[in-house]
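See below for target.txt, which holds compact mmCIF, C-alpha atoms.
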# COMPACT_ATOMS: atom_id res chain seq x y z
CA MET A 1 276.71 -179.78 127.02
CA LYS A 2 276.30 -182.17 129.97
CA THR A 3 276.33 -185.94 129.56
CA LEU A 4 273.17 -188.04 129.97
CA GLU A 5 274.77 -189.79 132.98
CA PHE A 6 275.21 -186.40 134.66
CA ASP A 7 271.66 -185.34 133.77
CA LEU A 8 270.12 -188.50 135.21
CA SER A 9 272.10 -188.31 138.48
CA GLU A 10 271.33 -184.62 138.84
CA MET A 11 267.63 -185.07 138.13
CA LEU A 12 267.34 -187.92 140.63
CA ARG A 13 269.12 -185.83 143.28
CA LEU A 14 266.88 -182.79 142.73
CA PHE A 15 263.79 -185.01 142.69
CA GLU A 16 264.71 -186.78 145.93
CA GLU A 17 265.63 -183.51 147.63
CA LYS A 18 262.31 -181.97 146.45
CA ARG A 19 264.15 -179.05 144.86
CA VAL A 20 261.24 -178.28 142.56
CA PHE A 21 262.43 -174.99 141.09
CA ASP A 22 265.87 -176.41 140.36
CA LEU A 23 264.09 -179.32 138.67
CA ARG A 24 262.22 -176.84 136.52
CA GLY A 25 265.43 -174.99 135.69
CA MET A 26 267.05 -178.26 134.78
CA GLY A 27 264.13 -179.05 132.48
CA SER A 28 264.75 -175.77 130.65
CA ARG A 29 268.46 -176.49 130.29
CA LEU A 30 267.71 -179.96 128.92
CA ILE A 31 265.33 -178.53 126.30
CA ARG A 32 267.92 -175.95 125.27
CA GLU A 33 270.51 -178.69 124.84
CA ALA A 34 267.98 -180.91 123.05
CA ALA A 35 267.23 -178.08 120.60
CA LEU A 36 270.93 -177.48 120.01
CA GLY A 37 271.80 -181.12 119.44
CA ASN A 38 268.45 -182.40 118.06
CA ASP A 39 268.64 -184.78 121.01
CA TYR A 40 265.38 -186.63 121.62
CA ALA A 41 266.58 -188.30 124.84
CA LYS A 42 267.42 -184.95 126.42
CA ALA A 43 264.09 -183.56 125.23
CA GLU A 44 262.24 -186.46 126.90
CA LEU A 45 264.17 -185.88 130.13
CA GLY A 46 263.35 -182.16 129.88
CA VAL A 47 259.64 -182.97 129.69
CA ILE A 48 259.93 -185.43 132.61
CA ALA A 49 261.76 -182.80 134.72
CA TYR A 50 259.02 -180.24 134.08
CA ALA A 51 256.22 -182.76 134.81
CA LEU A 52 257.88 -183.85 138.08
CA HIS A 53 258.36 -180.23 139.13
CA LYS A 54 254.67 -179.58 138.41
CA ILE A 55 253.53 -182.58 140.45
CA GLU A 56 255.79 -181.68 143.35
CA THR A 57 254.20 -178.22 143.59
CA LYS A 58 250.69 -179.66 144.05
CA PRO A 59 249.82 -180.33 147.72
CA HIS A 60 247.15 -182.93 146.87
CA PHE A 61 249.87 -185.01 145.18
CA MET A 62 252.50 -184.37 147.84
CA ASN A 63 250.18 -185.34 150.68
CA SER A 64 248.99 -188.52 149.02
CA PRO A 65 250.32 -191.91 150.19
CA GLN A 66 250.14 -193.13 146.56
CA TRP A 67 252.61 -190.46 145.54
CA VAL A 68 255.16 -191.71 148.10
CA LYS A 69 255.01 -195.17 146.49
CA ILE A 70 255.14 -193.81 142.95
CA LYS A 71 258.06 -191.60 143.87
CA GLN A 72 260.05 -194.66 144.89
CA LEU A 73 259.22 -196.37 141.61
CA ILE A 74 260.31 -193.29 139.67
CA ALA A 75 263.61 -193.14 141.60
CA THR A 76 264.21 -196.84 140.88
CA ASN A 77 263.66 -196.23 137.18
CA PHE A 78 266.05 -193.26 137.21
CA ASN A 79 268.68 -195.63 138.62
CA ILE A 80 267.89 -198.26 135.97
CA ALA A 81 268.20 -195.56 133.28
CA LYS A 82 271.58 -194.49 134.70
CA VAL A 83 272.92 -198.06 134.65
CA ALA A 84 271.59 -198.50 131.10
CA VAL A 85 273.35 -195.32 129.89
CA ASP A 86 276.61 -196.47 131.53
CA ALA A 87 276.26 -199.81 129.77
CA GLY A 88 275.32 -198.18 126.45
CA ASP A 89 272.00 -200.07 126.50
CA GLU A 90 269.72 -197.66 124.63
CA LYS A 91 266.66 -199.90 124.75
CA LYS A 92 266.86 -200.38 128.51
CA PHE A 93 267.34 -196.62 128.93
CA MET A 94 264.27 -195.82 126.83
CA ASP A 95 262.23 -198.50 128.64
CA ALA A 96 263.16 -196.95 132.00
CA LEU A 97 262.06 -193.49 130.77
CA LYS A 98 258.81 -194.99 129.48
CA MET A 99 258.19 -196.49 132.94
CA ILE A 100 258.78 -193.08 134.57
CA ILE A 101 256.30 -191.50 132.14
CA LYS A 102 253.79 -194.28 132.79
CA ASN A 103 254.10 -193.68 136.55
CA ILE A 104 253.53 -189.93 136.07
CA VAL A 105 250.51 -190.50 133.82
CA ASN A 106 248.99 -193.11 136.15
CA ILE A 107 249.27 -191.01 139.31
CA ASP A 108 247.93 -188.00 137.43
CA ASN A 109 244.95 -190.00 136.20
CA GLU A 110 244.30 -191.02 139.78
CA LEU A 111 244.85 -187.70 141.55
CA GLY A 112 244.81 -184.99 138.90
CA ASN A 113 241.99 -182.46 138.55
CA TYR A 114 242.31 -181.64 134.86
CA ALA A 115 241.15 -183.41 131.72
CA GLN A 116 244.50 -182.78 130.07
CA ASN A 117 247.16 -184.68 131.96
CA VAL A 118 250.25 -183.14 133.47
CA TYR A 119 252.58 -184.97 131.10
CA GLU A 120 250.77 -183.70 127.98
CA LYS A 121 250.90 -180.17 129.40
CA ALA A 122 254.59 -180.57 130.14
CA LYS A 123 255.22 -181.58 126.51
CA VAL A 124 253.49 -178.42 125.26
CA LYS A 125 255.25 -176.17 127.79
CA GLN A 126 258.67 -177.54 126.89
CA ALA A 127 257.90 -177.45 123.16
CA SER A 128 257.10 -173.75 123.50
CA LEU A 129 260.54 -173.32 125.03
CA ALA A 130 262.12 -175.13 122.07
CA TYR A 131 260.12 -172.84 119.74
CA SER A 132 261.44 -169.80 121.61
CA TYR A 133 264.98 -171.08 120.93
CA GLY A 134 264.27 -170.72 117.20
CA LEU A 135 262.96 -174.13 116.12
CA SER A 136 259.88 -174.22 113.91
CA ILE A 137 256.56 -175.22 115.50
CA ALA A 138 256.65 -178.63 113.81
CA GLN A 139 260.25 -179.25 114.83
CA ALA A 140 259.57 -178.20 118.44
CA SER A 141 256.51 -180.50 118.48
CA ALA A 142 258.46 -183.41 117.07
CA LEU A 143 261.29 -182.98 119.55
CA THR A 144 259.05 -183.11 122.62
CA GLY A 145 256.14 -185.15 121.27
CA ALA A 146 253.73 -182.24 121.80
CA ASP A 147 250.61 -181.88 119.69
CA GLN A 148 251.21 -179.18 117.08
CA LYS A 149 247.77 -177.59 117.45
CA GLU A 150 248.09 -177.50 121.24
CA LEU A 151 251.49 -175.89 120.85
CA GLN A 152 250.29 -173.28 118.35
CA SER A 153 247.37 -172.43 120.61
CA TYR A 154 249.63 -172.23 123.70
CA ILE A 155 252.14 -169.98 121.95
CA GLY A 156 249.31 -167.65 120.89
CA PHE A 157 248.63 -166.86 124.53
CA THR A 158 252.24 -166.07 125.37
CA THR A 159 254.11 -162.84 124.62
CA MET A 160 256.66 -164.69 122.48
CA HIS A 161 255.54 -163.10 119.22
CA ASP A 162 255.65 -159.65 120.82
CA GLU A 163 259.29 -160.06 121.77
CA GLU A 164 260.71 -160.60 118.28
CA PRO A 165 259.34 -158.09 115.76
CA GLU A 166 258.63 -159.40 112.25
CA SER A 167 260.80 -158.25 109.35
CA LYS A 168 257.68 -157.08 107.46
CA ASN A 169 254.53 -155.75 109.09
CA ILE A 170 250.88 -156.31 108.12
CA THR A 171 250.75 -153.13 106.00
CA GLN A 172 253.80 -154.17 103.97
CA ARG A 173 252.56 -157.72 103.50
CA VAL A 174 249.07 -156.62 102.49
CA LYS A 175 250.67 -154.29 99.92
CA GLU A 176 252.72 -157.21 98.51
CA LEU A 177 249.66 -159.46 98.50
CA LYS A 178 247.68 -156.81 96.61
CA GLU A 179 250.44 -156.42 94.03
CA ILE A 180 250.56 -160.17 93.36
CA LEU A 181 246.77 -160.56 93.22
CA GLU A 182 246.24 -157.51 91.04
CA GLY A 183 249.06 -158.51 88.74
CA SER A 184 247.50 -161.90 88.05
CA MET B 1 246.55 -168.23 90.40
CA LYS B 2 248.12 -171.02 92.44
CA ALA B 3 249.20 -170.58 96.06
CA VAL B 4 250.21 -172.96 98.85
CA ILE B 5 248.88 -173.01 102.41
CA ASP B 6 250.56 -174.56 105.47
CA THR B 7 248.97 -176.42 108.40
CA GLY B 8 249.31 -173.59 110.92
CA THR B 9 247.43 -171.09 108.76
CA MET B 10 244.59 -173.56 108.17
CA ILE B 11 244.41 -174.23 111.92
CA THR B 12 244.31 -170.48 112.71
CA LEU B 13 241.54 -169.78 110.20
CA ALA B 14 239.44 -172.75 111.27
CA GLY B 15 240.03 -172.05 114.96
CA THR B 16 238.94 -168.42 114.65
CA CYS B 17 235.72 -169.35 112.80
CA LEU B 18 236.78 -167.30 109.76
CA MET B 19 236.34 -170.04 107.18
CA ASN B 20 233.61 -168.10 105.34
CA VAL B 21 235.88 -165.07 105.02
CA PHE B 22 238.63 -167.41 103.86
CA ARG B 23 236.34 -169.02 101.25
CA GLU B 24 235.34 -165.62 99.86
CA PHE B 25 238.97 -164.55 99.77
CA VAL B 26 239.91 -167.63 97.73
CA LYS B 27 236.95 -167.26 95.35
CA THR B 28 237.23 -163.49 94.84
CA ASN B 29 240.93 -163.70 94.06
CA HIS B 30 240.54 -166.80 91.86
CA LEU B 31 243.09 -168.71 93.88
CA GLU B 32 243.87 -172.35 93.45
CA LEU B 33 244.99 -173.05 96.99
CA LEU B 34 247.13 -176.16 97.35
CA ILE B 35 247.95 -178.16 100.46
CA SER B 36 250.19 -181.16 100.64
CA GLY B 37 249.07 -184.62 101.69
CA THR B 38 251.05 -184.31 104.92
CA VAL B 39 249.47 -180.95 105.72
CA ALA B 40 246.05 -182.51 105.20
CA GLU B 41 247.09 -185.34 107.52
CA GLU B 42 248.30 -182.88 110.18
CA SER B 43 245.38 -180.48 110.00
CA VAL B 44 242.50 -182.86 109.32
CA TRP B 45 242.90 -186.59 109.58
CA LYS B 46 245.00 -186.70 112.76
CA PRO B 47 243.08 -184.08 114.82
CA ILE B 48 239.67 -185.33 113.73
CA THR B 49 240.23 -188.24 116.14
CA ASN B 50 240.95 -185.81 119.01
CA LYS B 51 237.68 -184.43 120.47
CA ARG B 52 239.32 -181.14 121.42
CA PHE B 53 240.28 -180.35 117.83
CA ALA B 54 237.69 -182.32 115.87
CA LEU B 55 235.47 -179.33 115.07
CA ASN B 56 238.37 -177.33 113.58
CA ALA B 57 239.43 -180.36 111.61
CA ALA B 58 235.87 -180.86 110.36
CA ARG B 59 235.80 -177.23 109.14
CA ILE B 60 239.00 -177.79 107.16
CA LYS B 61 237.68 -181.08 105.81
CA TYR B 62 234.56 -179.24 104.61
CA ALA B 63 236.75 -176.65 102.84
CA MET B 64 238.47 -179.52 101.06
CA THR B 65 235.19 -181.09 99.98
CA GLN B 66 234.02 -177.69 98.74
CA GLN B 67 237.21 -177.44 96.65
CA ILE B 68 238.29 -174.24 98.45
CA ILE B 69 241.56 -175.97 99.03
CA LYS B 70 242.99 -178.74 96.93
CA THR B 71 244.96 -181.61 98.45
CA ILE B 72 247.96 -182.68 96.42
CA PRO B 73 248.93 -186.30 97.07
CA VAL B 74 252.56 -186.84 97.95
CA SER B 75 254.51 -187.81 94.83
CA SER B 76 258.10 -188.90 94.36
CA GLU B 77 258.88 -185.41 93.01
CA ILE B 78 257.46 -183.80 96.17
CA THR B 79 259.40 -186.22 98.39
CA ARG B 80 262.63 -185.61 96.47
CA THR B 81 262.26 -181.81 96.67
CA GLN B 82 261.20 -182.00 100.31
CA GLN B 83 264.32 -184.04 101.17
CA ARG B 84 266.52 -181.53 99.36
CA ILE B 85 264.86 -178.67 101.29
CA LEU B 86 265.30 -180.46 104.62
CA GLN B 87 268.89 -181.30 103.84
CA LEU B 88 269.69 -177.66 103.03
CA ALA B 89 267.55 -175.91 105.65
CA ASN B 90 268.77 -178.09 108.49
CA ASN B 91 272.42 -177.55 107.54
CA ILE B 92 272.42 -173.76 107.26
CA PHE B 93 272.95 -172.87 110.91
CA SER B 94 275.33 -174.65 113.24
CA THR B 95 276.84 -174.30 116.67
CA ARG B 96 279.86 -176.04 118.16
CA ASN B 97 277.48 -178.99 118.74
CA GLY B 98 276.74 -179.39 115.04
CA PRO B 99 274.00 -178.33 112.60
CA LEU B 100 270.73 -176.99 113.97
CA ASN B 101 267.66 -178.90 112.80
CA ILE B 102 265.19 -176.08 112.65
CA ILE B 103 262.41 -177.25 110.32
CA GLN B 104 260.42 -180.47 109.93
CA SER B 105 259.02 -182.51 107.07
CA GLY B 106 255.57 -180.83 107.06
CA GLU B 107 257.02 -177.36 106.54
CA ALA B 108 259.50 -178.70 103.97
CA GLU B 109 256.64 -180.36 102.09
CA ALA B 110 254.72 -177.07 101.87
CA LEU B 111 257.87 -175.42 100.50
CA ALA B 112 258.36 -178.31 98.06
CA LEU B 113 254.83 -177.84 96.77
CA ALA B 114 255.52 -174.11 96.32
CA LYS B 115 258.74 -174.86 94.44
CA ILE B 116 257.28 -177.53 92.14
CA ASN B 117 254.24 -175.44 91.24
CA ASN B 118 256.31 -172.28 90.91
CA VAL B 119 253.89 -170.36 93.11
CA LYS B 120 254.42 -166.78 94.27
CA MET B 121 252.43 -167.03 97.49
CA LEU B 122 252.86 -169.25 100.53
CA PHE B 123 250.49 -168.76 103.45
CA ILE B 124 252.39 -169.75 106.57
CA ASP B 125 251.87 -168.54 110.14
CA GLU B 126 254.99 -170.22 111.43
CA ARG B 127 257.86 -167.82 112.11
CA THR B 128 261.04 -169.88 111.66
CA THR B 129 260.39 -171.15 108.12
CA ARG B 130 259.34 -167.66 107.01
CA SER B 131 262.44 -166.04 108.52
CA LEU B 132 264.66 -168.58 106.81
CA ILE B 133 263.56 -167.25 103.42
CA GLU B 134 262.90 -163.61 104.22
CA ASP B 135 265.57 -162.69 106.72
CA PRO B 136 268.06 -165.45 107.62
CA THR B 137 270.49 -162.99 109.22
CA ARG B 138 267.83 -161.95 111.67
CA LEU B 139 267.02 -165.60 112.34
CA LYS B 140 270.70 -166.20 113.09
CA GLN B 141 270.63 -163.36 115.62
CA VAL B 142 267.50 -164.80 117.25
CA LEU B 143 269.10 -168.25 117.45
CA GLU B 144 272.27 -166.80 118.98
CA ARG B 145 270.46 -164.69 121.52
CA ARG B 146 268.01 -167.40 122.53
CA GLN B 147 270.40 -170.31 122.60
CA GLU B 148 273.28 -168.27 124.06
CA GLU B 149 275.61 -169.90 121.57
CA GLU B 150 277.58 -168.57 118.65
CA VAL B 151 275.84 -169.63 115.44
CA ALA B 152 277.67 -170.03 112.15
CA ILE B 153 276.01 -169.81 108.72
CA ASN B 154 276.86 -172.17 105.89
CA GLN B 155 276.56 -169.54 103.16
CA GLN B 156 276.62 -172.10 100.33
CA ASN B 157 273.64 -173.99 101.75
CA LEU B 158 271.81 -170.76 102.49
CA ASN B 159 272.32 -169.48 98.94
CA SER B 160 271.21 -172.81 97.45
CA PHE B 161 268.14 -172.83 99.71
CA ARG B 162 267.11 -169.27 98.91
CA ALA B 163 267.77 -169.78 95.20
CA MET B 164 265.01 -172.40 95.22
CA PHE B 165 262.43 -169.68 96.00
CA PRO B 166 263.42 -166.53 94.12
CA GLN B 167 259.88 -165.14 93.75
CA LEU B 168 258.14 -166.63 96.76
CA LYS B 169 256.35 -164.20 99.09
CA MET B 170 255.10 -165.32 102.46
CA PHE B 171 251.86 -164.28 104.11
CA ARG B 172 250.22 -165.10 107.43
CA SER B 173 246.60 -165.65 108.35
CA VAL B 174 246.47 -162.08 109.77
CA ASP B 175 247.65 -160.69 106.40
CA LEU B 176 244.92 -162.69 104.68
CA ILE B 177 242.35 -161.37 107.18
CA ALA B 178 243.53 -157.77 106.65
CA MET B 179 243.43 -158.18 102.87
CA ALA B 180 239.94 -159.72 103.05
CA TYR B 181 238.82 -156.70 105.08
CA GLU B 182 240.27 -154.32 102.50
CA GLN B 183 238.46 -156.24 99.77
CA ASN B 184 235.23 -155.92 101.74
CA LEU B 185 234.83 -159.69 102.18
CA PHE B 186 233.90 -159.71 105.87
CA ASP B 187 230.16 -159.58 105.29
CA HIS B 188 229.93 -163.33 104.81
CA GLU B 189 230.82 -163.75 108.48
CA LEU B 190 230.96 -160.32 110.17
CA ALA B 191 230.04 -156.68 109.69
CA HIS B 192 232.59 -154.57 107.81
CA GLY B 193 233.90 -152.48 110.70
CA ARG B 194 237.11 -151.58 112.49
CA LEU B 195 235.93 -153.38 115.63
CA GLU B 196 235.40 -156.61 113.66
CA LEU B 197 238.78 -156.23 111.96
CA GLU B 198 240.51 -155.72 115.31
CA ALA B 199 238.70 -158.73 116.81
CA ALA B 200 239.59 -160.93 113.84
CA LEU B 201 243.28 -159.92 113.89
CA TYR B 202 243.59 -160.55 117.62
CA ALA B 203 241.78 -163.88 117.25
CA GLY B 204 244.47 -164.83 114.71
CA LYS B 205 247.21 -163.75 117.10
CA PHE B 206 245.75 -165.71 120.01
CA ALA B 207 245.33 -168.75 117.78
CA GLY B 208 249.11 -168.74 117.40
CA CYS B 209 249.84 -166.66 114.28
CA ALA B 210 253.25 -165.01 114.62
CA VAL B 211 252.21 -161.36 114.89
CA SER B 212 252.86 -158.81 117.61
CA GLU B 213 250.33 -156.58 119.33
CA LYS B 214 252.30 -153.53 118.15
CA GLU B 215 252.03 -154.67 114.54
CA ILE B 216 248.25 -155.08 114.85
CA GLU B 217 247.86 -151.70 116.56
CA ASP B 218 250.03 -149.98 113.92
CA TYR B 219 247.90 -151.46 111.16
CA LEU B 220 244.65 -150.53 112.91
CA SER B 221 245.82 -146.96 113.49
CA HIS B 222 245.47 -146.36 109.74
CA LYS B 223 241.91 -147.66 109.65
CA SER B 224 239.00 -145.37 110.39
CA GLU B 225 236.38 -146.21 113.04
This structure in structure tokens:
Amino acid sequence: MKTLEFDLSEMLRLFEEKRVFDLRGMGSRLIREAALGNDYAKAELGVIAYALHKIETKPHFMNSPQWVKIKQLIATNFNIAKVAVDAGDEKKFMDALKMIIKNIVNIDNELGNYAQNVYEKAKVKQASLAYSYGLSIAQASALTGADQKELQSYIGFTTMHDEEPESKNITQRVKELKEILEGS
Amino acid sequence: MKAVIDTGTMITLAGTCLMNVFREFVKTNHLELLISGTVAEESVWKPITNKRFALNAARIKYAMTQQIIKTIPVSSEITRTQQRILQLANNIFSTRNGPLNIIQSGEAEALALAKINNVKMLFIDERTTRSLIEDPTRLKQVLERRQEEEVAINQQNLNSFRAMFPQLKMFRSVDLIAMAYEQNLFDHELAHGRLELEAALYAGKFAGCAVSEKEIEDYLSHKSE
């Protein structure tokens, strides 16, 4: 498992070098590590990585002068977060992450085309990843801050439940249900 | 007969507009369907403030007012049992990084309600909690494959956890829908036909119930047109 200092430096580097797919891959790794260690800070970084990757793939964001300014602010806050982690200042670290999230939400409100903002979508996407690693829906939601109903609905449209067959099928469960109900 | 229902199952049934089928299922089978205070909070009071989910939440709220489901306020006994469940369930599997926290308080509270009321049926769409009781070895394999880490089982905690629910059987919203079809209870919402059954089962799947397409198709293959 990588350290938070490493994760922050790596994420800043990928972000500045516009390596969007590596940023996405890093987001997945962070969620995996967050699920393994019940690590909320890594989960938050995993959501941020996915949201930044998403923004960087949208030309109307990339070509906007506002995005250039916001990008600088985000980079500054990554550096503040790094210094805070080095100093063991948890509050300053969390405040820096909150500022990054605020910047993402603000630019999305200004330039985004969807009612649901990119950060909320990123939470759900990354929560579905945590669910695929074996966490319950509620635990995956709690880890990433995703809405449980949004997550359940999102998972329903993936092939996740087709990949892992259930130990009992509908016929077997209906038979068990009948036995209990008829025995009452 | 008493049974417990979890948030996810309520959300699936409300989201697929099958609340009338659900009501008939509860009435016909003389079920006293219990939900915990936290489940009510998660499936009704929180989402009712979110415009996207308010209609579903209002449907569940109506079911509560109609006494189709009964909310059980959180008591010290529920909290104590819930804490015990969380403590055991989240210390069954571990990797070299430590124990895996796999379930949350809402799911633990539904299980606590099932334990305290000695119920035989828990309706839960969520896969992980169900696997923990029904097939923990398979869950271990899933965790190992997905997380690419060796996972160890604390057998003592697993045995203690499973011993809390010796008679508990788990069902999903799709099982409830299939059973309602077999009991001819669709006519309060839909016609009694294979097409309607197929549509209802897939609606449950797309609403997030943990069921595969193969499972649905296998079940439907035994039903006549």
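Minimum distance to chain B across A:Lys82, A:Lys125, A:Arg29, A:Arg173 (counting all atoms listed in the file) occurs at A:Arg173.
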Near chain B, 8 Å: chain A residue rows, closest pairs, all atoms listed in the file, as CSV:
residue,atom,partner,partner_atom,distance
A:Arg32,CA,B:Gln147,CA,6.7
A:Ala35,CA,B:Leu100,CA,7.6
A:Leu36,CA,B:Leu100,CA,6.1
A:Gly37,CA,B:Asn97,CA,6.1
A:Asn38,CA,B:Asn101,CA,6.4
A:Ser132,CA,B:Arg146,CA,7.1
A:Tyr133,CA,B:Arg146,CA,5.0
A:Gly134,CA,B:Leu143,CA,5.4
A:Leu135,CA,B:Ile102,CA,4.6
A:Ser136,CA,B:Thr128,CA,5.0
A:Ile137,CA,B:Glu126,CA,6.6
A:Ala138,CA,B:Gln104,CA,5.7
A:Gln139,CA,B:Gln104,CA,5.1
A:Ala142,CA,B:Gln104,CA,8.0
A:Lys149,CA,B:Ile11,CA,7.3
A:Gln152,CA,B:Gly208,CA,4.8
A:Ser153,CA,B:Ala207,CA,5.1
A:Tyr154,CA,B:Gly208,CA,7.2
A:Ile155,CA,B:Gly208,CA,5.6
A:Gly156,CA,B:Gly208,CA,3.7
A:Phe157,CA,B:Phe206,CA,5.5
A:His161,CA,B:Ser212,CA,5.3
A:Asp162,CA,B:Ser212,CA,4.3
A:Glu163,CA,B:Ser212,CA,7.8
A:Pro165,CA,B:Ser212,CA,6.8
A:Glu166,CA,B:Val211,CA,7.2
A:Ser167,CA,B:Asp135,CA,7.0
A:Asn169,CA,B:Glu215,CA,6.1
A:Ile170,CA,B:Asp175,CA,5.7
A:Thr171,CA,B:Tyr219,CA,6.1
A:Arg173,CA,B:Asp175,CA,6.4
A:Val174,CA,B:Asp175,CA,5.8
A:Glu176,CA,B:Lys169,CA,7.9
A:Leu177,CA,B:Phe171,CA,7.7
A:Lys178,CA,B:Met179,CA,7.7
A:Ile180,CA,B:Lys120,CA,7.7
A:Leu181,CA,B:Asn29,CA,6.7
A:Ser184,CA,B:Met1,CA,6.8
| said: Just to confirm, what's the straight-line distance from CA of His188 in chain B to CA of Asn20 in chain B in Å (one decimal)? | reply: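 About the pair CA of His188 in chain B and CA of Asn20 in chain B: they are 6.0 Å apart.
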| task | Find the spatial neighbours of range 62-73 of chain A, counting all atoms listed in the file, within a cut-off of 10 Å - ignore same-chain residues fewer than 3 positions away - and output them as a VMD selection string. | result | chain A and resid 15 to 16 52 55 to 59 76 to 79 99 to 100 103 to 104 106 to 108 110 to 111
Using only C-alpha atoms, please write the residues we just selected to a file, as a short mmCIF file (atom, residue, chain, number, x, y, z; two decimals), in the frame of the given file.
data_model
loop_
_atom_site.label_atom_id
_atom_site.label_comp_id
_atom_site.auth_asym_id
_atom_site.auth_seq_id
_atom_site.Cartn_x
_atom_site.Cartn_y
_atom_site.Cartn_z
CA PHE A 15 263.79 -185.01 142.69
CA GLU A 16 264.71 -186.78 145.93
CA LEU A 52 257.88 -183.85 138.08
CA ILE A 55 253.53 -182.58 140.45
CA GLU A 56 255.79 -181.68 143.35
CA THR A 57 254.20 -178.22 143.59
CA LYS A 58 250.69 -179.66 144.05
CA PRO A 59 249.82 -180.33 147.72
CA THR A 76 264.21 -196.84 140.88
CA ASN A 77 263.66 -196.23 137.18
CA PHE A 78 266.05 -193.26 137.21
CA ASN A 79 268.68 -195.63 138.62
CA MET A 99 258.19 -196.49 132.94
CA ILE A 100 258.78 -193.08 134.57
CA ASN A 103 254.10 -193.68 136.55
CA ILE A 104 253.53 -189.93 136.07
CA ASN A 106 248.99 -193.11 136.15
CA ILE A 107 249.27 -191.01 139.31
CA ASP A 108 247.93 -188.00 137.43
CA GLU A 110 244.30 -191.02 139.78
CA LEU A 111 244.85 -187.70 141.55
#
| message | What's the separation between CA of Glu164 in chain A and CA of Gly27 in chain A, in Å to one decimal place? | response | 23.5 Å
| task | Could you tell me how far CA of Leu8 in chain A lies from CA of Asn109 in chain A, in Å and to one decimal? | result |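 These atoms are spaced 25.2 Å apart.
Residue nearest Leu13 in chain B within the list B:Ala40, B:Ala114, B:Leu34, B:Ala57: B:Ala57 [criterion: smallest interatomic distance, all atoms listed in the file].
Compared by their closest atoms to Thr16 in chain B, and using all atoms listed in the file, the residues B:Val151, B:Val74, B:Met164, B:Ile60 rank with B:Ile60 nearest.
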| request: Choose the residue, out of A:Asp7, A:Asp147, A:Asp89, A:Glu120, that has the smallest atom-to-atom separation from Lys46 in chain B; count only C-alpha atoms. | output: A:Asp147
Around all the atoms of range 134-137 of chain B listed in the file, draw an axis-aligned box and extend it by 3 Å on each of the six sides; I want its centre and edge lengths in Å to one decimal, as lines of an AutoDock Vina configuration file.
center_x = 266.7
center_y = -164.1
center_z = 106.7
size_x = 13.6
size_y = 8.8
size_z = 11.0
| message | Set the distance at 12 Å and use all atoms listed in the file: which residues neighbour Lys115 in chain B once local chain neighbours fewer than 6 positions away are removed? I'd like the list as a PyMOL selection string. | response | chain B and resi 2-4+77-78+80-82+84-85+108-109+121-122+161-169
| field | Option closest in space to Asn184 in chain B, from B:Thr9, B:Thr28, B:Gln155, B:Ser224 [counting all atoms listed in the file] | value |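 Of B:Thr9, B:Thr28, B:Gln155, B:Ser224, the one nearest Asn184 in chain B is B:Thr28, counting all atoms listed in the file.
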Got a minute to add N, CA and C atoms to range 35-45 of chain B and dump it as a JSON list (two decimals), in the frame of the given file?
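Result file part-v8.json:
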[["chain", "number", "residue", "atom", "x", "y", "z"],
["B", 35, "ILE", "N", 247.31, -177.67, 99.23],
["B", 35, "ILE", "CA", 247.95, -178.16, 100.46],
["B", 35, "ILE", "C", 248.51, -179.54, 100.17],
["B", 36, "SER", "N", 249.57, -179.86, 100.88],
["B", 36, "SER", "CA", 250.19, -181.16, 100.64],
["B", 36, "SER", "C", 249.46, -182.25, 101.42],
["B", 37, "GLY", "N", 249.67, -183.48, 101.01],
["B", 37, "GLY", "CA", 249.07, -184.62, 101.69],
["B", 37, "GLY", "C", 249.40, -184.64, 103.17],
["B", 38, "THR", "N", 250.65, -184.29, 103.51],
["B", 38, "THR", "CA", 251.05, -184.31, 104.92],
["B", 38, "THR", "C", 250.34, -183.20, 105.70],
["B", 39, "VAL", "N", 250.18, -182.04, 105.06],
["B", 39, "VAL", "CA", 249.47, -180.95, 105.72],
["B", 39, "VAL", "C", 248.03, -181.37, 106.00],
["B", 40, "ALA", "N", 247.42, -182.03, 105.01],
["B", 40, "ALA", "CA", 246.05, -182.51, 105.20],
["B", 40, "ALA", "C", 246.00, -183.49, 106.37],
["B", 41, "GLU", "N", 247.00, -184.35, 106.44],
["B", 41, "GLU", "CA", 247.09, -185.34, 107.52],
["B", 41, "GLU", "C", 247.19, -184.63, 108.88],
["B", 42, "GLU", "N", 248.05, -183.60, 108.93],
["B", 42, "GLU", "CA", 248.30, -182.88, 110.18],
["B", 42, "GLU", "C", 247.11, -182.03, 110.60],
["B", 43, "SER", "N", 246.44, -181.41, 109.62],
["B", 43, "SER", "CA", 245.38, -180.48, 110.00],
["B", 43, "SER", "C", 243.99, -181.09, 109.99],
["B", 44, "VAL", "N", 243.84, -182.25, 109.37],
["B", 44, "VAL", "CA", 242.50, -182.86, 109.32],
["B", 44, "VAL", "C", 242.48, -184.27, 109.90],
["B", 45, "TRP", "N", 243.15, -185.18, 109.26],
["B", 45, "TRP", "CA", 242.90, -186.59, 109.58],
["B", 45, "TRP", "C", 243.40, -186.98, 110.97]]
